[in-house]
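Okay, run.tsv is below, TSV, C-alpha atoms:
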```
chain	number	residue	atom	x	y	z
C	231	MET	CA	108.27	101.66	118.36
C	232	THR	CA	109.77	105.07	119.14
C	233	ALA	CA	110.56	107.26	116.16
C	234	GLY	CA	113.53	109.57	116.29
C	235	PHE	CA	116.69	110.66	114.60
C	236	VAL	CA	120.08	109.12	114.08
C	237	GLU	CA	123.09	111.27	113.29
C	238	VAL	CA	125.37	110.10	110.53
C	239	LEU	CA	128.85	111.56	110.08
C	240	PHE	CA	129.75	110.85	106.48
C	241	GLU	CA	132.29	112.55	104.22
C	242	GLY	CA	132.71	115.40	106.67
C	243	SER	CA	129.10	116.32	107.10
C	244	LEU	CA	126.77	115.48	109.92
C	245	ARG	CA	123.30	114.56	108.74
C	246	ARG	CA	120.19	113.61	110.66
C	247	PHE	CA	117.92	110.83	109.52
C	248	GLU	CA	114.52	110.04	110.91
C	249	ILE	CA	113.94	106.41	111.72
C	250	LYS	CA	110.72	104.89	112.98
C	251	GLY	CA	112.49	102.64	115.43
C	252	PRO	CA	115.64	100.53	115.71
C	253	ILE	CA	117.01	99.50	112.32
C	254	SER	CA	119.99	97.41	111.36
C	255	LEU	CA	123.15	99.13	110.22
C	256	LYS	CA	122.82	97.16	107.00
C	257	ASP	CA	119.42	98.78	106.34
C	258	LEU	CA	120.74	102.22	107.27
C	259	LEU	CA	123.61	101.82	104.81
C	260	GLU	CA	121.14	100.79	102.12
C	261	ASP	CA	119.09	103.93	102.81
C	262	LEU	CA	122.30	105.95	102.46
C	263	HIS	CA	123.14	104.11	99.21
C	264	ILE	CA	126.38	102.84	100.71
C	265	LYS	CA	127.34	99.32	99.75
C	266	GLU	CA	128.51	97.04	102.53
C	267	SER	CA	131.54	96.19	100.43
C	268	SER	CA	132.49	99.86	99.98
C	269	PRO	CA	135.89	100.87	101.37
C	270	TYR	CA	134.54	102.38	104.57
C	271	TRP	CA	134.65	101.54	108.18
C	272	PHE	CA	131.72	102.07	110.46
C	273	ALA	CA	131.34	103.01	114.10
C	274	CYS	CA	128.37	103.66	116.32
C	275	ASN	CA	128.69	105.82	119.41
C	276	ARG	CA	132.49	105.63	119.23
C	277	LYS	CA	132.54	101.83	118.98
C	278	MET	CA	133.89	100.13	115.88
C	279	ILE	CA	131.55	97.79	114.08
C	280	LEU	CA	133.21	94.82	112.45
C	281	ARG	CA	132.04	93.92	108.97
C	282	THR	CA	130.77	90.62	110.34
C	283	GLU	CA	128.52	92.57	112.71
C	284	ILE	CA	126.84	94.86	110.17
C	285	ASP	CA	123.77	92.65	109.78
C	286	GLN	CA	123.19	92.31	113.51
C	287	LYS	CA	124.12	95.79	114.68
C	288	MET	CA	120.94	97.68	115.52
C	289	ILE	CA	120.91	101.46	115.29
C	290	GLU	CA	118.51	103.26	117.58
C	291	PRO	CA	117.17	106.81	117.69
C	292	GLY	CA	119.80	109.04	119.31
C	293	ASP	CA	122.73	107.00	118.03
C	294	ARG	CA	125.57	108.58	116.08
C	295	VAL	CA	127.06	106.58	113.23
C	296	GLU	CA	130.51	107.46	111.85
C	297	ILE	CA	131.53	106.42	108.36
C	298	PHE	CA	135.07	106.96	107.10
C	299	ARG	CA	136.75	106.03	103.85
C	300	ILE	CA	139.54	103.47	104.25
C	301	LEU	CA	142.81	103.87	102.37
C	302	SER	CA	145.57	101.36	101.96
C	303	GLY	CA	147.22	100.22	105.16
C	304	GLY	CA	145.60	98.99	108.31
C	305	SER	CA	142.71	96.57	108.33
C	306	GLU	CA	139.29	97.16	106.88
C	307	GLY	CA	137.77	96.69	110.30
P	4	MET	CA	152.94	119.28	141.03
P	5	SER	CA	152.66	121.99	138.39
P	6	VAL	CA	152.74	121.12	134.71
P	7	GLU	CA	156.08	121.73	133.04
P	8	LYS	CA	155.25	120.24	129.65
P	9	VAL	CA	152.45	118.28	128.02
P	10	ALA	CA	152.88	115.17	125.88
P	11	ILE	CA	150.82	114.81	122.71
P	12	TYR	CA	149.95	111.41	121.38
P	13	SER	CA	148.75	111.71	117.78
P	14	CYS	CA	146.82	108.81	116.27
P	15	GLY	CA	149.33	106.61	114.49
P	16	GLY	CA	146.99	105.07	111.92
P	17	ILE	CA	147.85	104.79	108.26
P	18	GLY	CA	144.56	103.72	106.69
P	19	LEU	CA	142.53	106.87	107.23
P	20	HIS	CA	143.09	110.48	106.24
P	21	VAL	CA	142.30	111.55	109.75
P	22	SER	CA	145.61	110.19	111.07
P	23	CYS	CA	147.39	112.74	108.86
P	24	VAL	CA	145.25	115.40	110.51
P	25	THR	CA	146.24	114.35	114.02
P	26	ARG	CA	149.91	114.21	113.07
P	27	LEU	CA	149.76	117.70	111.56
P	28	ALA	CA	147.98	118.94	114.68
P	29	GLY	CA	150.86	117.56	116.76
P	30	TYR	CA	153.45	119.25	114.54
P	31	LEU	CA	151.57	122.56	114.72
P	32	LEU	CA	151.56	122.37	118.49
P	33	GLU	CA	155.23	121.51	118.80
P	34	GLU	CA	156.62	123.68	116.01
P	35	GLU	CA	154.35	126.75	116.00
P	36	LEU	CA	151.93	127.14	118.85
P	37	LEU	CA	153.64	125.89	121.98
P	38	GLU	CA	157.16	125.02	120.97
P	39	SER	CA	158.74	124.54	124.38
P	40	ASP	CA	155.65	123.29	126.19
P	41	VAL	CA	154.94	120.19	124.13
P	42	GLU	CA	156.56	116.81	123.46
P	43	ILE	CA	155.21	114.58	120.71
P	44	LEU	CA	155.05	110.91	121.67
P	45	ASP	CA	156.14	108.13	119.35
P	46	MET	CA	154.21	104.91	119.86
P	47	HIS	CA	156.90	102.78	118.29
P	48	ARG	CA	159.59	104.10	120.59
P	49	LEU	CA	157.25	103.57	123.52
P	50	ILE	CA	156.52	99.96	122.58
P	51	ARG	CA	160.25	99.51	122.00
P	52	GLY	CA	160.81	100.66	125.58
P	53	MET	CA	163.05	103.64	124.83
P	54	PRO	CA	163.82	105.19	128.24
P	55	ASP	CA	163.51	108.82	127.08
P	56	GLU	CA	160.09	108.14	125.54
P	57	ILE	CA	158.90	106.36	128.68
P	58	GLU	CA	160.12	109.30	130.75
P	59	ILE	CA	157.90	111.68	128.77
P	60	VAL	CA	154.79	109.61	129.51
P	61	GLU	CA	155.69	109.23	133.17
P	62	ARG	CA	156.74	112.82	133.77
P	63	TYR	CA	154.16	114.86	131.83
P	64	PRO	CA	150.37	114.73	131.40
P	65	THR	CA	149.35	113.43	127.98
P	66	ILE	CA	146.69	114.58	125.57
P	67	ILE	CA	145.66	111.83	123.18
P	68	LEU	CA	144.37	112.73	119.73
P	69	ASP	CA	142.21	109.72	118.83
P	70	GLY	CA	141.53	109.81	115.11
P	71	CYS	CA	138.77	107.25	114.91
P	72	ALA	CA	136.65	104.81	116.85
P	73	HIS	CA	139.51	102.32	117.04
P	74	GLN	CA	140.85	104.73	119.68
P	75	CYS	CA	144.36	103.30	119.32
P	76	GLY	CA	145.90	106.03	121.46
P	77	SER	CA	143.54	105.38	124.34
P	78	ASN	CA	144.06	101.64	123.96
P	79	LEU	CA	147.82	102.09	124.06
P	80	PHE	CA	147.56	103.98	127.31
P	81	TRP	CA	145.31	101.34	128.76
P	82	LEU	CA	147.92	98.79	127.70
P	83	LEU	CA	150.61	100.79	129.53
P	84	LYS	CA	148.33	101.07	132.58
P	85	VAL	CA	148.49	104.85	132.75
P	86	LYS	CA	145.74	107.39	132.18
P	87	PRO	CA	145.97	110.34	129.83
P	88	ALA	CA	145.10	113.79	131.12
P	89	CYS	CA	142.45	113.87	128.40
P	90	ARG	CA	141.82	112.92	124.84
P	91	ILE	CA	140.38	114.74	121.86
P	92	TYR	CA	138.14	112.60	119.68
P	93	ILE	CA	138.51	113.86	116.12
P	94	PRO	CA	135.25	112.57	114.57
P	95	GLU	CA	133.35	114.78	117.02
P	96	ILE	CA	135.40	117.80	116.01
P	97	ILE	CA	134.62	116.97	112.37
P	98	ALA	CA	130.92	116.69	113.19
P	99	GLU	CA	130.95	119.98	115.07
P	100	THR	CA	132.97	122.05	112.62
P	101	GLY	CA	132.08	120.44	109.30
P	102	LEU	CA	135.79	120.34	108.48
P	103	TYR	CA	136.62	117.17	106.58
P	104	PRO	CA	140.04	115.44	106.57
P	105	GLY	CA	139.88	115.42	102.78
P	106	ARG	CA	140.95	112.76	100.33
P	107	GLU	CA	144.68	113.39	100.08
P	108	ARG	CA	147.22	111.85	102.39
P	109	LYS	CA	150.53	113.06	101.00
P	110	VAL	CA	149.59	116.70	101.48
P	111	LEU	CA	146.36	117.50	103.26
P	112	GLU	CA	143.80	119.56	101.39
P	113	GLU	CA	142.74	122.90	102.78
P	114	SER	CA	139.86	121.41	104.76
P	115	GLY	CA	142.17	118.84	106.36
P	116	GLN	CA	144.69	121.54	107.21
P	117	ARG	CA	142.00	123.69	108.78
P	118	LEU	CA	140.79	120.69	110.77
P	119	ALA	CA	144.34	120.05	112.03
P	120	LYS	CA	144.63	123.70	113.06
P	121	GLU	CA	141.29	123.51	114.86
P	122	VAL	CA	142.40	120.41	116.77
P	123	ALA	CA	145.76	122.00	117.60
P	124	GLN	CA	144.07	125.15	118.88
P	125	ARG	CA	141.76	123.16	121.12
P	126	ALA	CA	144.72	121.26	122.51
P	127	GLU	CA	146.55	124.57	122.97
P	128	THR	CA	143.70	125.89	125.10
P	129	ILE	CA	143.81	122.79	127.28
P	130	ILE	CA	147.60	122.93	127.63
P	131	LYS	CA	147.61	126.62	128.56
P	132	GLY	CA	144.92	125.91	131.15
P	133	MET	CA	146.96	123.08	132.66
P	134	LYS	CA	150.08	125.23	132.85
P	135	GLU	CA	148.44	128.42	134.11
P	136	SER	CA	146.02	127.09	136.66
P	137	SER	CA	147.21	126.59	140.21
P	138	ALA	CA	144.26	124.26	140.66
P	139	TYR	CA	145.61	121.81	138.12
P	140	HIS	CA	147.97	119.22	139.50
P	141	PHE	CA	149.78	116.40	137.85
P	142	HIS	CA	151.33	113.46	139.63
P	143	PRO	CA	154.09	111.52	137.82
P	144	LYS	CA	153.16	107.93	137.20
P	145	LYS	CA	154.90	104.71	136.24
P	146	ILE	CA	154.01	102.78	133.15
P	147	GLN	CA	153.86	99.03	133.52
P	148	THR	CA	155.42	97.24	130.60
P	149	ARG	CA	156.15	93.86	132.15
P	150	ASP	CA	154.18	90.95	130.74
P	151	LEU	CA	152.91	93.24	128.03
P	152	THR	CA	150.33	91.62	125.79
P	153	LEU	CA	148.25	92.98	122.96
P	154	CYS	CA	145.08	94.90	123.74
P	155	ASP	CA	141.99	92.79	124.17
P	156	TYR	CA	139.73	93.89	121.33
P	157	GLY	CA	136.70	93.20	123.51
P	158	VAL	CA	137.70	95.76	126.10
P	159	ASP	CA	135.64	98.95	126.15
P	160	VAL	CA	138.52	101.40	126.46
P	161	GLU	CA	136.24	104.31	127.28
P	162	LYS	CA	134.86	102.37	130.22
P	163	VAL	CA	138.19	101.16	131.58
P	164	LEU	CA	139.75	104.61	131.31
P	165	GLY	CA	136.59	106.14	132.77
P	166	TYR	CA	136.19	108.83	130.12
P	167	LEU	CA	133.88	111.73	130.89
P	168	LYS	CA	132.90	114.17	128.14
P	169	VAL	CA	133.94	117.66	129.26
P	170	ALA	CA	133.59	119.63	126.01
P	171	PRO	CA	132.67	118.86	122.42
P	172	GLY	CA	135.10	116.17	121.34
P	173	VAL	CA	137.12	116.37	124.57
P	174	TYR	CA	137.15	113.58	127.14
P	175	ARG	CA	138.94	113.21	130.46
P	176	PRO	CA	139.22	110.15	132.72
P	177	LYS	CA	136.88	110.99	135.57
P	178	ASP	CA	139.58	110.50	138.21
P	179	MET	CA	142.05	112.79	136.43
P	180	ASN	CA	142.22	116.54	137.16
P	181	GLN	CA	139.59	118.85	135.73
P	182	LEU	CA	140.84	120.83	132.73
P	183	PRO	CA	141.00	124.45	133.89
P	184	ARG	CA	140.15	126.35	130.71
P	185	LEU	CA	137.44	123.90	129.72
P	186	GLU	CA	135.90	123.16	133.06
P	187	GLU	CA	136.51	126.53	134.66
P	188	ARG	CA	133.12	126.87	136.30
P	189	GLU	CA	133.36	123.47	137.95
P	190	THR	CA	136.94	124.16	139.00
P	191	GLN	CA	135.99	127.46	140.61
P	192	ALA	CA	132.91	126.02	142.33
```
Translate this file's structure into structure tokens.
Amino acid sequence: MTAGFVEVLFEGSLRRFEIKGPISLKDLLEDLHIKESSPYWFACNRKMILRTEIDQKMIEPGDRVEIFRILSGGSEG
Amino acid sequence: MSVEKVAIYSCGGIGLHVSCVTRLAGYLLEEELLESDVEILDMHRLIRGMPDEIEIVERYPTIILDGCAHQCGSNLFWLLKVKPACRIYIPEIIAETGLYPGRERKVLEESGQRLAKEVAQRAETIIKGMKESSAYHFHPKKIQTRDLTLCDYGVDVEKVLGYLKVAPGVYRPKDMNQLPRLEERETQA
């Protein structure tokens, strides 16, 4: 496995996290202490990730994950 | 054909603070920075088929301000079968500047206002480049609204529009003109 960093844009700040290899978005969110059910939407490399895809979506070193808080209106992705 | 005006398409979302940022950026461009050089597009009027709104898209190059990864602005243009001159992708501007949209929608907090100003200033640079440069050409195009259907969610809009990253947060379809103030070196080469 190749270790590396993922970038996470969350609440206006860009943070880098070291991962030892590909991890699921679900595991990344757990590491960030973000609950799957939280009112956020998620994207990876400018592609939306549907809630039904969180378990399967693999995040790899070099990826950028975007997390934004959802308000009322529009879907929750 | 030289550029007379530039159309701005601000993200029309309602569920994220960032859409308020893109709207404010559009207002700043039209009401303060480049009053007579900018037209703000209204998605609803476009979908409705209002002739004057369609004319703006067909007659002027458009800068899309995509607020999030849904990329609704880019998807709309794909739906209309026309390419924007470029788009600014706001999450990348947030990542680069550390300016956050904030948590208030009714009136943006200071950080959100600063972010809107930053986005507007970047668009201003691009617009001035388009207008000033003799190397930049724009060809009027026709939107195709017949047999309009909803966007296919499975379509990779970045791929179908052929986006190329030309500056932090700024993308241009690869077959559209280079942006003079941003891609000056390549333009001069």
Contacts from chain C to chain P, 12 Å maximum, only C-alpha atoms: show me the residue list as a ChimeraX atom specification.
/C:237-246,269-280,294-307
Would you write out those residues with C-alpha atoms, as an mmCIF file, in the frame of the given file?
```cif
data_model
loop_
_atom_site.group_PDB
_atom_site.id
_atom_site.type_symbol
_atom_site.label_atom_id
_atom_site.label_comp_id
_atom_site.auth_asym_id
_atom_site.auth_seq_id
_atom_site.Cartn_x
_atom_site.Cartn_y
_atom_site.Cartn_z
ATOM 1 C CA GLU C 237 123.090 111.270 113.290
ATOM 2 C CA VAL C 238 125.370 110.100 110.530
ATOM 3 C CA LEU C 239 128.850 111.560 110.080
ATOM 4 C CA PHE C 240 129.750 110.850 106.480
ATOM 5 C CA GLU C 241 132.290 112.550 104.220
ATOM 6 C CA GLY C 242 132.710 115.400 106.670
ATOM 7 C CA SER C 243 129.100 116.320 107.100
ATOM 8 C CA LEU C 244 126.770 115.480 109.920
ATOM 9 C CA ARG C 245 123.300 114.560 108.740
ATOM 10 C CA ARG C 246 120.190 113.610 110.660
ATOM 11 C CA PRO C 269 135.890 100.870 101.370
ATOM 12 C CA TYR C 270 134.540 102.380 104.570
ATOM 13 C CA TRP C 271 134.650 101.540 108.180
ATOM 14 C CA PHE C 272 131.720 102.070 110.460
ATOM 15 C CA ALA C 273 131.340 103.010 114.100
ATOM 16 C CA CYS C 274 128.370 103.660 116.320
ATOM 17 C CA ASN C 275 128.690 105.820 119.410
ATOM 18 C CA ARG C 276 132.490 105.630 119.230
ATOM 19 C CA LYS C 277 132.540 101.830 118.980
ATOM 20 C CA MET C 278 133.890 100.130 115.880
ATOM 21 C CA ILE C 279 131.550 97.790 114.080
ATOM 22 C CA LEU C 280 133.210 94.820 112.450
ATOM 23 C CA ARG C 294 125.570 108.580 116.080
ATOM 24 C CA VAL C 295 127.060 106.580 113.230
ATOM 25 C CA GLU C 296 130.510 107.460 111.850
ATOM 26 C CA ILE C 297 131.530 106.420 108.360
ATOM 27 C CA PHE C 298 135.070 106.960 107.100
ATOM 28 C CA ARG C 299 136.750 106.030 103.850
ATOM 29 C CA ILE C 300 139.540 103.470 104.250
ATOM 30 C CA LEU C 301 142.810 103.870 102.370
ATOM 31 C CA SER C 302 145.570 101.360 101.960
ATOM 32 C CA GLY C 303 147.220 100.220 105.160
ATOM 33 C CA GLY C 304 145.600 98.990 108.310
ATOM 34 C CA SER C 305 142.710 96.570 108.330
ATOM 35 C CA GLU C 306 139.290 97.160 106.880
ATOM 36 C CA GLY C 307 137.770 96.690 110.300
#
```
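Our summary of the geometry notes that atom CA of C:Pro291 is positioned 20.2 Å from atom CA of P:Pro171.
Comparing the minimum interatomic distances between P:Leu111 and each of P:Ser22, P:Thr152, P:Lys145, P:Val9, counting all atoms listed in the file, we find that P:Ser22 sits nearest.
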Point out the residue among P:Ser136, P:Ser13, P:Thr128, P:Gln147 with the least atom-to-atom distance to P:Ile57, counting all atoms listed in the file.
P:Gln147
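Computed from the coordinates, the atom CA of P:Lys162 to atom CA of P:Trp81 distance equals 10.6 Å.
Comparing the minimum interatomic distances between P:Ile67 and each of P:Pro143, P:Pro176, P:Gly115, P:Gly132, counting all atoms listed in the file, we find that P:Pro176 sits nearest.
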In Å, with one decimal, what is the gap from atom CA of P:Lys120 to atom CA of P:Tyr174?
18.9 Å
Edge lengths and centre in Å to one decimal, as JSON, of the axis-aligned box that encloses all listed atoms of stretch 239-256 of chain C with 4 Å added on every side?
```
{"center_x": 121.7, "center_y": 106.7, "center_z": 110.0, "size_x": 30.0, "size_y": 27.2, "size_z": 19.5}
```
Could you rebuild stretch 262-276 of chain C with N, CA, C and O atoms and give it back as a PDB file, in the frame of the given file?
```
ATOM      1  N   LEU C 262     121.301 104.929 102.812  1.00  0.00           N
ATOM      2  CA  LEU C 262     122.300 105.950 102.460  1.00  0.00           C
ATOM      3  C   LEU C 262     122.972 105.648 101.116  1.00  0.00           C
ATOM      4  O   LEU C 262     123.861 106.385 100.692  1.00  0.00           O
ATOM      5  N   HIS C 263     122.561 104.549 100.496  1.00  0.00           N
ATOM      6  CA  HIS C 263     123.140 104.110  99.210  1.00  0.00           C
ATOM      7  C   HIS C 263     124.627 103.802  99.343  1.00  0.00           C
ATOM      8  O   HIS C 263     125.422 104.091  98.459  1.00  0.00           O
ATOM      9  N   ILE C 264     124.986 103.253 100.512  1.00  0.00           N
ATOM     10  CA  ILE C 264     126.380 102.840 100.710  1.00  0.00           C
ATOM     11  C   ILE C 264     126.416 101.311 100.694  1.00  0.00           C
ATOM     12  O   ILE C 264     125.694 100.658 101.457  1.00  0.00           O
ATOM     13  N   LYS C 265     127.246 100.770  99.825  1.00  0.00           N
ATOM     14  CA  LYS C 265     127.340  99.320  99.750  1.00  0.00           C
ATOM     15  C   LYS C 265     128.190  98.805 100.900  1.00  0.00           C
ATOM     16  O   LYS C 265     129.188  99.420 101.264  1.00  0.00           O
ATOM     17  N   GLU C 266     127.766  97.664 101.440  1.00  0.00           N
ATOM     18  CA  GLU C 266     128.510  97.040 102.530  1.00  0.00           C
ATOM     19  C   GLU C 266     129.979  96.809 102.162  1.00  0.00           C
ATOM     20  O   GLU C 266     130.868  96.878 102.992  1.00  0.00           O
ATOM     21  N   SER C 267     130.195  96.519 100.889  1.00  0.00           N
ATOM     22  CA  SER C 267     131.540  96.190 100.430  1.00  0.00           C
ATOM     23  C   SER C 267     132.378  97.448 100.131  1.00  0.00           C
ATOM     24  O   SER C 267     133.545  97.355  99.777  1.00  0.00           O
ATOM     25  N   SER C 268     131.762  98.620 100.273  1.00  0.00           N
ATOM     26  CA  SER C 268     132.490  99.860  99.980  1.00  0.00           C
ATOM     27  C   SER C 268     133.669 100.012 100.938  1.00  0.00           C
ATOM     28  O   SER C 268     133.641  99.491 102.059  1.00  0.00           O
ATOM     29  N   PRO C 269     134.694 100.744 100.501  1.00  0.00           N
ATOM     30  CA  PRO C 269     135.890 100.870 101.370  1.00  0.00           C
ATOM     31  C   PRO C 269     135.675 101.872 102.506  1.00  0.00           C
ATOM     32  O   PRO C 269     136.296 102.929 102.551  1.00  0.00           O
ATOM     33  N   TYR C 270     134.808 101.530 103.413  1.00  0.00           N
ATOM     34  CA  TYR C 270     134.540 102.380 104.570  1.00  0.00           C
ATOM     35  C   TYR C 270     134.626 101.545 105.824  1.00  0.00           C
ATOM     36  O   TYR C 270     134.456 100.337 105.795  1.00  0.00           O
ATOM     37  N   TRP C 271     134.904 102.209 106.923  1.00  0.00           N
ATOM     38  CA  TRP C 271     134.650 101.540 108.180  1.00  0.00           C
ATOM     39  C   TRP C 271     133.529 102.274 108.894  1.00  0.00           C
ATOM     40  O   TRP C 271     133.253 103.444 108.619  1.00  0.00           O
ATOM     41  N   PHE C 272     132.916 101.551 109.811  1.00  0.00           N
ATOM     42  CA  PHE C 272     131.720 102.070 110.460  1.00  0.00           C
ATOM     43  C   PHE C 272     131.882 102.004 111.977  1.00  0.00           C
ATOM     44  O   PHE C 272     132.464 101.061 112.506  1.00  0.00           O
ATOM     45  N   ALA C 273     131.338 103.002 112.633  1.00  0.00           N
ATOM     46  CA  ALA C 273     131.340 103.010 114.100  1.00  0.00           C
ATOM     47  C   ALA C 273     129.998 103.542 114.561  1.00  0.00           C
ATOM     48  O   ALA C 273     129.333 104.299 113.843  1.00  0.00           O
ATOM     49  N   CYS C 274     129.602 103.123 115.730  1.00  0.00           N
ATOM     50  CA  CYS C 274     128.370 103.660 116.320  1.00  0.00           C
ATOM     51  C   CYS C 274     128.687 104.071 117.747  1.00  0.00           C
ATOM     52  O   CYS C 274     129.177 103.238 118.528  1.00  0.00           O
ATOM     53  N   ASN C 275     128.427 105.302 118.062  1.00  0.00           N
ATOM     54  CA  ASN C 275     128.690 105.820 119.410  1.00  0.00           C
ATOM     55  C   ASN C 275     130.117 105.526 119.868  1.00  0.00           C
ATOM     56  O   ASN C 275     130.343 105.039 120.968  1.00  0.00           O
ATOM     57  N   ARG C 276     131.062 105.773 118.972  1.00  0.00           N
ATOM     58  CA  ARG C 276     132.490 105.630 119.230  1.00  0.00           C
ATOM     59  C   ARG C 276     132.923 104.175 119.449  1.00  0.00           C
ATOM     60  O   ARG C 276     133.950 103.918 120.060  1.00  0.00           O
TER      61      ARG C 276
END
```
